[in-house]
file entry-v3.cif (mmCIF, C-alpha atoms)
data_protein
loop_
_atom_site.label_atom_id
_atom_site.label_comp_id
_atom_site.auth_asym_id
_atom_site.auth_seq_id
_atom_site.Cartn_x
_atom_site.Cartn_y
_atom_site.Cartn_z
CA MET A 1 11.94 -0.84 24.78
CA ALA A 2 12.85 -0.64 21.14
CA ILE A 3 14.19 -3.73 19.43
CA THR A 4 15.44 -4.30 15.91
CA VAL A 5 14.10 -6.70 13.31
CA LYS A 6 17.24 -8.79 13.84
CA GLU A 7 16.50 -9.13 17.57
CA ALA A 8 12.93 -10.15 16.81
CA VAL A 9 14.25 -12.76 14.37
CA GLN A 10 16.57 -14.17 17.03
CA HIS A 11 14.07 -14.18 19.92
CA LEU A 12 11.17 -15.56 17.93
CA GLY A 13 13.26 -18.01 15.87
CA LEU A 14 12.09 -16.60 12.57
CA GLU A 15 13.32 -17.63 9.17
CA VAL A 16 14.71 -14.75 7.07
CA ARG A 17 13.72 -15.20 3.43
CA THR A 18 14.82 -11.80 2.08
CA GLY A 19 16.09 -8.41 3.24
CA GLU A 20 19.16 -9.59 5.17
CA ARG A 21 20.66 -6.13 4.76
CA ASN A 22 17.74 -4.36 6.45
CA LEU A 23 17.55 -6.33 9.68
CA GLU A 24 19.00 -3.50 11.77
CA ALA A 25 15.85 -1.41 11.37
CA VAL A 26 14.18 -0.52 14.67
CA ILE A 27 10.65 -1.83 15.14
CA THR A 28 8.43 1.15 15.95
CA GLY A 29 5.24 -0.81 16.50
CA ALA A 30 3.46 -3.87 15.19
CA GLN A 31 0.20 -5.06 13.80
CA VAL A 32 -1.55 -8.27 12.88
CA SER A 33 -3.83 -8.02 9.86
CA ASP A 34 -4.84 -9.87 6.74
CA LEU A 35 -6.62 -6.88 5.24
CA LEU A 36 -4.18 -5.02 3.02
CA SER A 37 -6.07 -1.74 3.04
CA HIS A 38 -6.16 -1.82 6.82
CA VAL A 39 -2.39 -2.04 6.94
CA MET A 40 -2.16 0.75 4.37
CA ALA A 41 -4.45 2.93 6.46
CA THR A 42 -2.89 2.29 9.87
CA GLY A 43 0.65 1.11 9.16
CA LYS A 44 3.33 3.56 10.21
CA ALA A 45 6.98 3.72 9.18
CA GLY A 46 8.93 0.98 10.96
CA HIS A 47 5.92 -1.16 11.87
CA PHE A 48 6.36 -4.92 11.99
CA TRP A 49 3.51 -6.67 10.19
CA ILE A 50 2.33 -10.19 10.98
CA THR A 51 -0.02 -11.74 8.41
CA ASN A 52 -1.34 -15.00 7.01
CA GLN A 53 -1.37 -13.56 3.48
CA SER A 54 1.43 -14.85 1.31
CA HIS A 55 1.04 -13.23 -2.13
CA ALA A 56 3.17 -10.53 -3.71
CA ASN A 57 0.96 -7.65 -2.68
CA ILE A 58 2.12 -7.88 0.92
CA VAL A 59 5.51 -6.67 -0.30
CA ALA A 60 4.02 -3.70 -2.16
CA VAL A 61 2.10 -2.73 0.97
CA ALA A 62 5.20 -3.07 3.15
CA ALA A 63 7.30 -0.99 0.77
CA LEU A 64 4.75 1.76 0.34
CA ALA A 65 3.91 2.00 4.04
CA ARG A 66 7.64 1.85 4.87
CA LEU A 67 7.21 -1.09 7.26
CA SER A 68 10.27 -2.62 8.90
CA ALA A 69 9.38 -6.24 8.06
CA VAL A 70 6.63 -8.63 7.01
CA LEU A 71 6.23 -11.89 8.92
CA VAL A 72 4.18 -14.58 7.19
CA ALA A 73 2.83 -16.71 10.02
CA ALA A 74 1.37 -20.15 10.62
CA GLY A 75 3.60 -21.95 8.15
CA PHE A 76 2.16 -20.24 5.12
CA GLU A 77 4.67 -20.20 2.29
CA PRO A 78 5.31 -16.84 0.56
CA GLU A 79 4.61 -17.07 -3.15
CA GLU A 80 7.60 -16.92 -5.46
CA GLU A 81 6.61 -13.51 -6.82
CA ALA A 82 6.45 -12.19 -3.25
CA VAL A 83 10.00 -13.35 -2.60
CA ILE A 84 11.25 -11.81 -5.84
CA ARG A 85 9.63 -8.47 -5.10
CA ALA A 86 10.84 -8.47 -1.50
CA GLU A 87 14.37 -8.99 -2.80
CA GLU A 88 13.92 -6.09 -5.23
CA GLU A 89 12.63 -3.80 -2.51
CA ASN A 90 15.05 -5.16 0.11
CA ILE A 91 12.16 -5.72 2.52
CA PRO A 92 12.76 -8.29 5.26
CA LEU A 93 10.33 -11.11 4.48
CA LEU A 94 10.18 -13.49 7.44
CA THR A 95 8.36 -16.77 8.04
CA SER A 96 7.40 -18.88 11.03
CA ALA A 97 5.40 -22.02 11.69
CA GLU A 98 3.89 -20.37 14.80
CA SER A 99 0.45 -18.79 14.63
CA ALA A 100 0.00 -15.04 14.23
CA TYR A 101 -1.54 -15.02 17.71
CA THR A 102 1.49 -16.64 19.34
CA LEU A 103 3.97 -14.50 17.42
CA ALA A 104 2.16 -11.30 18.33
CA GLY A 105 2.12 -12.30 21.99
CA ARG A 106 5.82 -13.03 22.02
CA LEU A 107 6.61 -9.78 20.24
CA TYR A 108 4.55 -7.96 22.84
CA GLU A 109 6.53 -9.67 25.60
CA LEU A 110 9.70 -8.35 23.97
CA GLY A 111 8.46 -4.83 24.57
CA VAL A 112 7.08 -3.95 21.14
CA ARG A 113 3.97 -1.82 21.61
CA MET B 1 -5.21 25.69 -15.63
CA ASP B 2 -1.48 25.88 -15.21
CA THR B 3 1.21 25.33 -17.77
CA PRO B 4 1.99 21.62 -18.28
CA SER B 5 3.86 19.94 -15.49
CA PRO B 6 7.61 19.63 -16.01
CA SER B 7 7.42 16.21 -14.41
CA HIS B 8 4.71 14.01 -15.84
CA TYR B 9 4.77 10.24 -15.45
CA GLU B 10 2.30 7.58 -16.58
CA PHE B 11 2.03 3.95 -15.59
CA PRO B 12 -0.29 1.36 -17.14
CA ILE B 13 -2.39 -0.90 -14.94
CA LEU B 14 -3.62 -4.34 -16.00
CA GLY B 15 -6.96 -5.49 -14.64
CA ARG B 16 -7.17 -8.82 -12.75
CA ALA B 17 -3.38 -9.06 -12.51
CA TYR B 18 -3.37 -9.28 -8.72
CA PHE B 19 0.25 -10.31 -8.58
CA LEU B 20 1.29 -7.16 -10.47
CA GLY B 21 -0.79 -4.93 -8.22
CA GLY B 22 1.27 -2.25 -6.54
CA ARG B 23 3.81 -2.03 -9.37
CA ALA B 24 2.60 1.42 -10.47
CA ALA B 25 2.49 2.77 -6.92
CA THR B 26 5.96 1.38 -6.24
CA SER B 27 7.29 3.08 -9.39
CA ILE B 28 5.69 6.33 -8.26
CA LYS B 29 7.46 6.01 -4.93
CA ARG B 30 10.80 6.10 -6.77
CA VAL B 31 9.75 8.97 -9.01
CA LEU B 32 8.67 11.06 -6.01
CA ALA B 33 11.91 10.36 -4.18
CA GLU B 34 14.00 11.31 -7.22
CA ALA B 35 12.00 14.53 -7.60
CA GLY B 36 12.74 15.43 -3.99
CA VAL B 37 9.14 15.26 -2.78
CA GLU B 38 9.01 15.32 1.01
CA PRO B 39 8.98 11.72 2.40
CA ASP B 40 5.81 12.11 4.47
CA LEU B 41 3.92 13.64 1.58
CA ALA B 42 5.35 11.00 -0.76
CA GLN B 43 3.99 8.29 1.53
CA ARG B 44 0.50 9.83 1.46
CA VAL B 45 0.65 9.96 -2.34
CA CYS B 46 1.87 6.35 -2.49
CA VAL B 47 -0.83 4.99 -0.20
CA ALA B 48 -3.50 6.75 -2.27
CA CYS B 49 -1.92 5.54 -5.52
CA TYR B 50 -1.76 1.96 -4.25
CA GLU B 51 -5.43 1.96 -3.31
CA ALA B 52 -6.40 3.54 -6.62
CA GLU B 53 -4.23 1.08 -8.54
CA MET B 54 -5.76 -1.89 -6.73
CA ASN B 55 -9.25 -0.59 -7.49
CA VAL B 56 -8.35 -0.76 -11.18
CA VAL B 57 -6.83 -4.24 -10.77
CA LEU B 58 -9.85 -5.52 -8.85
CA HIS B 59 -12.63 -3.97 -10.90
CA ALA B 60 -11.50 -2.89 -14.36
CA ARG B 61 -10.02 -4.40 -17.53
CA SER B 62 -7.20 -1.88 -17.67
CA GLY B 63 -6.29 1.65 -16.80
CA TYR B 64 -3.47 4.03 -16.13
CA LEU B 65 -2.11 6.10 -13.30
CA ALA B 66 -0.53 9.48 -14.01
CA VAL B 67 1.44 11.71 -11.66
CA ASP B 68 2.35 15.36 -12.16
CA ILE B 69 4.86 16.92 -9.83
CA PHE B 70 4.65 20.69 -9.44
CA PRO B 71 6.73 22.90 -7.14
CA ASP B 72 3.76 23.41 -4.82
CA ARG B 73 1.76 20.19 -5.25
CA VAL B 74 1.49 16.67 -6.62
CA GLU B 75 -1.48 15.71 -8.78
CA VAL B 76 -2.60 12.14 -9.45
CA THR B 77 -5.00 11.02 -12.16
CA VAL B 78 -6.31 7.46 -12.45
CA GLN B 79 -8.54 6.38 -15.30
CA ASP B 80 -9.83 2.94 -16.09
CA ARG B 81 -11.79 0.94 -18.61
CA GLY B 82 -14.17 -0.90 -16.40
CA PRO B 83 -17.76 -1.32 -15.33
CA GLY B 84 -17.94 2.11 -13.73
CA ILE B 85 -19.53 2.98 -10.41
CA ALA B 86 -23.32 3.29 -10.28
CA ASP B 87 -23.43 5.10 -6.95
CA VAL B 88 -20.24 7.00 -6.12
CA GLU B 89 -21.48 8.06 -2.69
CA GLN B 90 -22.19 4.45 -1.75
CA ALA B 91 -18.76 3.39 -3.03
CA MET B 92 -17.18 5.96 -0.69
CA THR B 93 -18.86 4.40 2.36
CA PRO B 94 -16.28 2.70 4.62
CA GLY B 95 -16.77 -1.06 4.54
CA TRP B 96 -18.80 -1.08 1.34
CA SER B 97 -17.24 -3.16 -1.43
CA SER B 98 -18.20 -4.90 -4.64
CA ALA B 99 -15.01 -6.97 -4.78
CA SER B 100 -15.24 -10.65 -5.74
CA GLU B 101 -14.93 -13.49 -3.24
CA GLU B 102 -11.57 -14.32 -4.80
CA ALA B 103 -10.30 -10.79 -4.16
CA ARG B 104 -11.61 -10.84 -0.59
CA SER B 105 -9.86 -14.10 0.15
CA LEU B 106 -6.59 -12.38 -0.80
CA GLY B 107 -7.17 -9.61 1.71
CA PHE B 108 -8.62 -7.04 -0.72
CA GLY B 109 -12.14 -5.69 -0.83
CA ALA B 110 -12.34 -4.50 2.77
CA GLY B 111 -14.22 -1.42 1.62
CA MET B 112 -11.39 0.79 2.80
CA GLY B 113 -9.77 1.82 -0.48
CA LEU B 114 -11.70 4.95 -1.39
CA PRO B 115 -11.97 6.11 2.25
CA ASN B 116 -8.20 5.65 2.54
CA ILE B 117 -7.67 7.75 -0.57
CA ARG B 118 -9.94 10.49 0.77
CA GLU B 119 -7.99 10.42 4.02
CA GLN B 120 -4.64 10.89 2.29
CA ALA B 121 -5.45 13.47 -0.39
CA ASP B 122 -6.08 17.19 0.08
CA GLU B 123 -8.53 17.21 -2.80
CA MET B 124 -10.36 14.28 -4.37
CA ARG B 125 -12.71 14.11 -7.33
CA LEU B 126 -14.21 10.80 -8.43
CA GLU B 127 -16.35 10.68 -11.54
CA SER B 128 -17.98 7.60 -12.97
CA ALA B 129 -21.05 6.20 -14.61
CA PRO B 130 -22.08 2.60 -15.30
CA GLY B 131 -20.30 1.26 -18.37
CA GLU B 132 -18.01 4.26 -18.67
CA GLY B 133 -15.16 3.41 -16.33
CA ALA B 134 -14.01 5.61 -13.50
CA SER B 135 -11.91 8.75 -13.32
CA LEU B 136 -10.15 9.83 -10.16
CA HIS B 137 -8.28 13.09 -9.65
CA LEU B 138 -6.26 13.85 -6.51
CA VAL B 139 -4.27 16.86 -5.34
CA PHE B 140 -1.65 16.84 -2.59
CA TYR B 141 -0.19 20.17 -1.47
CA ARG B 142 3.50 20.25 -0.72
CA GLU B 143 3.48 23.22 1.65
CA ALA B 144 1.97 22.98 5.12
CA GLY B 145 -1.17 25.01 5.65
CA ASN B 146 -1.91 25.09 1.95
CA GLY B 147 -5.09 23.07 1.91
CA ARG B 148 -4.41 20.46 4.57
CA GLN B 149 -4.98 21.16 8.23
CA ALA B 150 -2.30 19.89 10.57
#

call {"tool": "encode", "arguments": {"input": "entry-v3.cif", "output": "structure tokens"}}
result
Amino acid sequence: MAITVKEAVQHLGLEVRTGERNLEAVITGAQVSDLLSHVMATGKAGHFWITNQSHANIVAVAALARLSAVLVAAGFEPEEEAVIRAEEENIPLLTSAESAYTLAGRLYELGVR
Amino acid sequence: MDTPSPSHYEFPILGRAYFLGGRAATSIKRVLAEAGVEPDLAQRVCVACYEAEMNVVLHARSGYLAVDIFPDRVEVTVQDRGPGIADVEQAMTPGWSSASEEARSLGFGAGMGLPNIREQADEMRLESAPGEGASLHLVFYREAGNGRQA
């Protein structure tokens, strides 16, 4: 079952930091990774990325790999430059206090494969 | 070689500026879109450019990334002023990295950059010697069956 970023935000109680206008994008898959090159190599258009990294490069990776959203997990705070760049690129930058493990499990329960 | 490309773009890269990393690749994404380069090909070019850009950021003092858009292909050239690569074959080995602990803690230095680039490009040439920086040349063909197997 395909869900949108907006539905994931609602079901998982995520905070939307940027990219309000792009929340209707359909999530085509998801991954959990803190290695940027790994996301670059395996990320496909529309993927939803859960990470504990919080610096600006996560936005560059998301934009270039055409991901649907980046979720910074475990209460990590996105750096200011990351927020600025996500606004520029109109990438949904989301945050949650839950762990990457928990968030991935709940996203899986929602039908994202 | 061919006549000069009608569409030549160059972007500077500053070494150690992690927070600026990806700026050049992101600019190239726009340039490719404006030039009408096919989205899937553009993504391959962008992924390769990002990895090449981050290699300069992580390892060199400075460098530049140049893109030439031809009707039948896209060419990328990356040159840096850095320490150079002593053993290019070793550097191409998946998982091998000489990145600093600081870079690794930020999620870089997984030893996947050059293998990723090789995966994306139709042709790849990497030349380097210790103390002389590194020079990378990539070719991406725009028409199916012209170099890349489906």

call {"tool": "residues_around", "arguments": {"input": "entry-v3.cif", "residues": "Thr28 (chain A)", "least_positions_apart": "4", "cutoff": "8 Å", "atoms": "all atoms listed in the file", "output": "short mmCIF file (atom, residue, chain, number, x, y, z; two decimals) with C-alpha atoms, in the frame of the given file"}}
result
data_model
loop_
_atom_site.label_atom_id
_atom_site.label_comp_id
_atom_site.auth_asym_id
_atom_site.auth_seq_id
_atom_site.Cartn_x
_atom_site.Cartn_y
_atom_site.Cartn_z
CA ALA A 2 12.85 -0.64 21.14
CA ALA A 45 6.98 3.72 9.18
CA GLY A 46 8.93 0.98 10.96
CA HIS A 47 5.92 -1.16 11.87
CA PHE A 48 6.36 -4.92 11.99
CA VAL A 112 7.08 -3.95 21.14
CA ARG A 113 3.97 -1.82 21.61
#

call {"tool": "closest_residue", "arguments": {"input": "entry-v3.cif", "among": "A:Gly105, A:Val16, A:Leu64, A:Leu23", "to": "chain B", "atoms": "only C-alpha atoms"}}
result
A:Leu64

call {"tool": "resolve_selection", "arguments": {"input": "entry-v3.cif", "expression": "the PyMOL selection byres ((chain B and resi 91) around 12)", "output": "number ranges by chain"}}
result
B: 55, 84-90, 92-99, 109-115, 118, 126-128, 134

call {"tool": "write_last_selection", "arguments": {"input": "entry-v3.cif", "atoms": "C-alpha atoms", "output": "mmCIF file, keeping the file's coordinate frame"}}
result
data_model
loop_
_atom_site.group_PDB
_atom_site.id
_atom_site.type_symbol
_atom_site.label_atom_id
_atom_site.label_comp_id
_atom_site.auth_asym_id
_atom_site.auth_seq_id
_atom_site.Cartn_x
_atom_site.Cartn_y
_atom_site.Cartn_z
ATOM 1 C CA ASN B 55 -9.250 -0.590 -7.490
ATOM 2 C CA GLY B 84 -17.940 2.110 -13.730
ATOM 3 C CA ILE B 85 -19.530 2.980 -10.410
ATOM 4 C CA ALA B 86 -23.320 3.290 -10.280
ATOM 5 C CA ASP B 87 -23.430 5.100 -6.950
ATOM 6 C CA VAL B 88 -20.240 7.000 -6.120
ATOM 7 C CA GLU B 89 -21.480 8.060 -2.690
ATOM 8 C CA GLN B 90 -22.190 4.450 -1.750
ATOM 9 C CA MET B 92 -17.180 5.960 -0.690
ATOM 10 C CA THR B 93 -18.860 4.400 2.360
ATOM 11 C CA PRO B 94 -16.280 2.700 4.620
ATOM 12 C CA GLY B 95 -16.770 -1.060 4.540
ATOM 13 C CA TRP B 96 -18.800 -1.080 1.340
ATOM 14 C CA SER B 97 -17.240 -3.160 -1.430
ATOM 15 C CA SER B 98 -18.200 -4.900 -4.640
ATOM 16 C CA ALA B 99 -15.010 -6.970 -4.780
ATOM 17 C CA GLY B 109 -12.140 -5.690 -0.830
ATOM 18 C CA ALA B 110 -12.340 -4.500 2.770
ATOM 19 C CA GLY B 111 -14.220 -1.420 1.620
ATOM 20 C CA MET B 112 -11.390 0.790 2.800
ATOM 21 C CA GLY B 113 -9.770 1.820 -0.480
ATOM 22 C CA LEU B 114 -11.700 4.950 -1.390
ATOM 23 C CA PRO B 115 -11.970 6.110 2.250
ATOM 24 C CA ARG B 118 -9.940 10.490 0.770
ATOM 25 C CA LEU B 126 -14.210 10.800 -8.430
ATOM 26 C CA GLU B 127 -16.350 10.680 -11.540
ATOM 27 C CA SER B 128 -17.980 7.600 -12.970
ATOM 28 C CA ALA B 134 -14.010 5.610 -13.500
#

call {"tool": "atom_distance", "arguments": {"input": "entry-v3.cif", "atom1": "CA of Val61 (chain A)", "atom2": "CA of Arg125 (chain B)"}}
result
23.9 Å

call {"tool": "atom_distance", "arguments": {"input": "entry-v3.cif", "atom1": "CA of Arg61 (chain B)", "atom2": "CA of Arg16 (chain B)"}}
result
7.1 Å

call {"tool": "interface_residues", "arguments": {"input": "entry-v3.cif", "of": "chain B", "to": "chain A", "cutoff": "12 Å", "atoms": "only C-alpha atoms", "output": "PyMOL selection string"}}
result
chain B and resi 17-30+32+39-55+57+94-95+103-120

call {"tool": "residues_around", "arguments": {"input": "entry-v3.cif", "residues": "Gln31 (chain A)", "least_positions_apart": "4", "cutoff": "8 Å", "atoms": "all atoms listed in the file", "output": "short mmCIF file (atom, residue, chain, number, x, y, z; two decimals) with C-alpha atoms, in the coordinates of the input"}}
result
data_model
loop_
_atom_site.label_atom_id
_atom_site.label_comp_id
_atom_site.auth_asym_id
_atom_site.auth_seq_id
_atom_site.Cartn_x
_atom_site.Cartn_y
_atom_site.Cartn_z
CA VAL A 39 -2.39 -2.04 6.94
CA GLY A 43 0.65 1.11 9.16
CA HIS A 47 5.92 -1.16 11.87
CA PHE A 48 6.36 -4.92 11.99
CA TRP A 49 3.51 -6.67 10.19
CA ILE A 50 2.33 -10.19 10.98
CA ALA A 104 2.16 -11.30 18.33
#

call {"tool": "resolve_selection", "arguments": {"input": "entry-v3.cif", "expression": "the PyMOL selection byres ((chain A and resi 9-14) around 8)", "output": "ChimeraX atom specification"}}
result
/A:5-8,15-16,94-96,103,106-107

call {"tool": "atom_distance", "arguments": {"input": "entry-v3.cif", "atom1": "CA of His8 (chain B)", "atom2": "CA of Pro71 (chain B)"}}
result
12.6 Å

call {"tool": "resolve_selection", "arguments": {"input": "entry-v3.cif", "expression": "the PyMOL selection byres ((chain B and resi 77) around 6)", "output": "number ranges by chain"}}
result
B: 65-66, 76, 78, 136-137

call {"tool": "axis_aligned_box", "arguments": {"input": "entry-v3.cif", "around": "region 36-53 of chain A", "padding_each_side": "3 Å", "output": "AutoDock Vina command-line options"}}
result
--center_x 1.4 --center_y -5.6 --center_z 7.5 --size_x 21.1 --size_y 24.7 --size_z 15.0

call {"tool": "residues_near_point", "arguments": {"input": "entry-v3.cif", "point": "(14.4, -10.1, 2.3)", "cutoff": "8 Å", "atoms": "only C-alpha atoms", "output": "PyMOL selection string"}}
result
chain A and resi 16-22+83+86-87+90-94

call {"tool": "build_atoms", "arguments": {"input": "entry-v3.cif", "residues": "region 70-93 of chain A", "atoms": "N, CA and C atoms", "output": "PDB file, in the frame of the given file"}}
result
ATOM      1  N   VAL A  70       7.881  -7.881   7.123  1.00  0.00           N
ATOM      2  CA  VAL A  70       6.630  -8.630   7.010  1.00  0.00           C
ATOM      3  C   VAL A  70       6.904 -10.056   7.488  1.00  0.00           C
ATOM      4  N   LEU A  71       6.096 -10.525   8.410  1.00  0.00           N
ATOM      5  CA  LEU A  71       6.230 -11.890   8.920  1.00  0.00           C
ATOM      6  C   LEU A  71       5.006 -12.702   8.490  1.00  0.00           C
ATOM      7  N   VAL A  72       5.242 -13.683   7.638  1.00  0.00           N
ATOM      8  CA  VAL A  72       4.180 -14.580   7.190  1.00  0.00           C
ATOM      9  C   VAL A  72       4.093 -15.732   8.188  1.00  0.00           C
ATOM     10  N   ALA A  73       2.970 -15.816   8.870  1.00  0.00           N
ATOM     11  CA  ALA A  73       2.830 -16.710  10.020  1.00  0.00           C
ATOM     12  C   ALA A  73       2.199 -18.046   9.663  1.00  0.00           C
ATOM     13  N   ALA A  74       2.148 -18.899  10.652  1.00  0.00           N
ATOM     14  CA  ALA A  74       1.370 -20.150  10.620  1.00  0.00           C
ATOM     15  C   ALA A  74       1.826 -21.123   9.535  1.00  0.00           C
ATOM     16  N   GLY A  75       3.089 -21.009   9.129  1.00  0.00           N
ATOM     17  CA  GLY A  75       3.600 -21.950   8.150  1.00  0.00           C
ATOM     18  C   GLY A  75       3.197 -21.684   6.725  1.00  0.00           C
ATOM     19  N   PHE A  76       2.501 -20.579   6.506  1.00  0.00           N
ATOM     20  CA  PHE A  76       2.160 -20.240   5.120  1.00  0.00           C
ATOM     21  C   PHE A  76       3.443 -19.922   4.355  1.00  0.00           C
ATOM     22  N   GLU A  77       3.466 -20.359   3.107  1.00  0.00           N
ATOM     23  CA  GLU A  77       4.670 -20.200   2.290  1.00  0.00           C
ATOM     24  C   GLU A  77       4.517 -18.989   1.374  1.00  0.00           C
ATOM     25  N   PRO A  78       5.405 -17.990   1.469  1.00  0.00           N
ATOM     26  CA  PRO A  78       5.310 -16.840   0.560  1.00  0.00           C
ATOM     27  C   PRO A  78       5.404 -17.288  -0.896  1.00  0.00           C
ATOM     28  N   GLU A  79       4.553 -16.718  -1.737  1.00  0.00           N
ATOM     29  CA  GLU A  79       4.610 -17.070  -3.150  1.00  0.00           C
ATOM     30  C   GLU A  79       5.919 -16.569  -3.759  1.00  0.00           C
ATOM     31  N   GLU A  80       6.316 -17.236  -4.837  1.00  0.00           N
ATOM     32  CA  GLU A  80       7.600 -16.920  -5.460  1.00  0.00           C
ATOM     33  C   GLU A  80       7.698 -15.442  -5.848  1.00  0.00           C
ATOM     34  N   GLU A  81       6.610 -14.913  -6.406  1.00  0.00           N
ATOM     35  CA  GLU A  81       6.610 -13.510  -6.820  1.00  0.00           C
ATOM     36  C   GLU A  81       6.806 -12.581  -5.614  1.00  0.00           C
ATOM     37  N   ALA A  82       6.276 -12.991  -4.464  1.00  0.00           N
ATOM     38  CA  ALA A  82       6.450 -12.190  -3.250  1.00  0.00           C
ATOM     39  C   ALA A  82       7.921 -12.146  -2.851  1.00  0.00           C
ATOM     40  N   VAL A  83       8.588 -13.283  -2.955  1.00  0.00           N
ATOM     41  CA  VAL A  83      10.000 -13.350  -2.600  1.00  0.00           C
ATOM     42  C   VAL A  83      10.832 -12.502  -3.565  1.00  0.00           C
ATOM     43  N   ILE A  84      10.513 -12.591  -4.837  1.00  0.00           N
ATOM     44  CA  ILE A  84      11.250 -11.810  -5.840  1.00  0.00           C
ATOM     45  C   ILE A  84      11.096 -10.317  -5.578  1.00  0.00           C
ATOM     46  N   ARG A  85       9.869  -9.911  -5.302  1.00  0.00           N
ATOM     47  CA  ARG A  85       9.630  -8.470  -5.100  1.00  0.00           C
ATOM     48  C   ARG A  85      10.239  -7.994  -3.783  1.00  0.00           C
ATOM     49  N   ALA A  86      10.229  -8.854  -2.774  1.00  0.00           N
ATOM     50  CA  ALA A  86      10.840  -8.470  -1.500  1.00  0.00           C
ATOM     51  C   ALA A  86      12.343  -8.293  -1.663  1.00  0.00           C
ATOM     52  N   GLU A  87      12.936  -9.135  -2.510  1.00  0.00           N
ATOM     53  CA  GLU A  87      14.370  -8.990  -2.800  1.00  0.00           C
ATOM     54  C   GLU A  87      14.630  -7.665  -3.515  1.00  0.00           C
ATOM     55  N   GLU A  88      13.784  -7.353  -4.484  1.00  0.00           N
ATOM     56  CA  GLU A  88      13.920  -6.090  -5.230  1.00  0.00           C
ATOM     57  C   GLU A  88      13.831  -4.885  -4.303  1.00  0.00           C
ATOM     58  N   GLU A  89      12.885  -4.949  -3.393  1.00  0.00           N
ATOM     59  CA  GLU A  89      12.630  -3.800  -2.510  1.00  0.00           C
ATOM     60  C   GLU A  89      13.495  -3.847  -1.248  1.00  0.00           C
ATOM     61  N   ASN A  90      14.235  -4.947  -1.077  1.00  0.00           N
ATOM     62  CA  ASN A  90      15.050  -5.160   0.110  1.00  0.00           C
ATOM     63  C   ASN A  90      14.224  -5.068   1.400  1.00  0.00           C
ATOM     64  N   ILE A  91      13.046  -5.663   1.357  1.00  0.00           N
ATOM     65  CA  ILE A  91      12.160  -5.720   2.520  1.00  0.00           C
ATOM     66  C   ILE A  91      12.407  -7.048   3.236  1.00  0.00           C
ATOM     67  N   PRO A  92      12.650  -7.021   4.551  1.00  0.00           N
ATOM     68  CA  PRO A  92      12.760  -8.290   5.260  1.00  0.00           C
ATOM     69  C   PRO A  92      11.433  -9.071   5.197  1.00  0.00           C
ATOM     70  N   LEU A  93      11.485 -10.224   4.551  1.00  0.00           N
ATOM     71  CA  LEU A  93      10.330 -11.110   4.480  1.00  0.00           C
ATOM     72  C   LEU A  93      10.657 -12.318   5.352  1.00  0.00           C
TER      73      LEU A  93
END
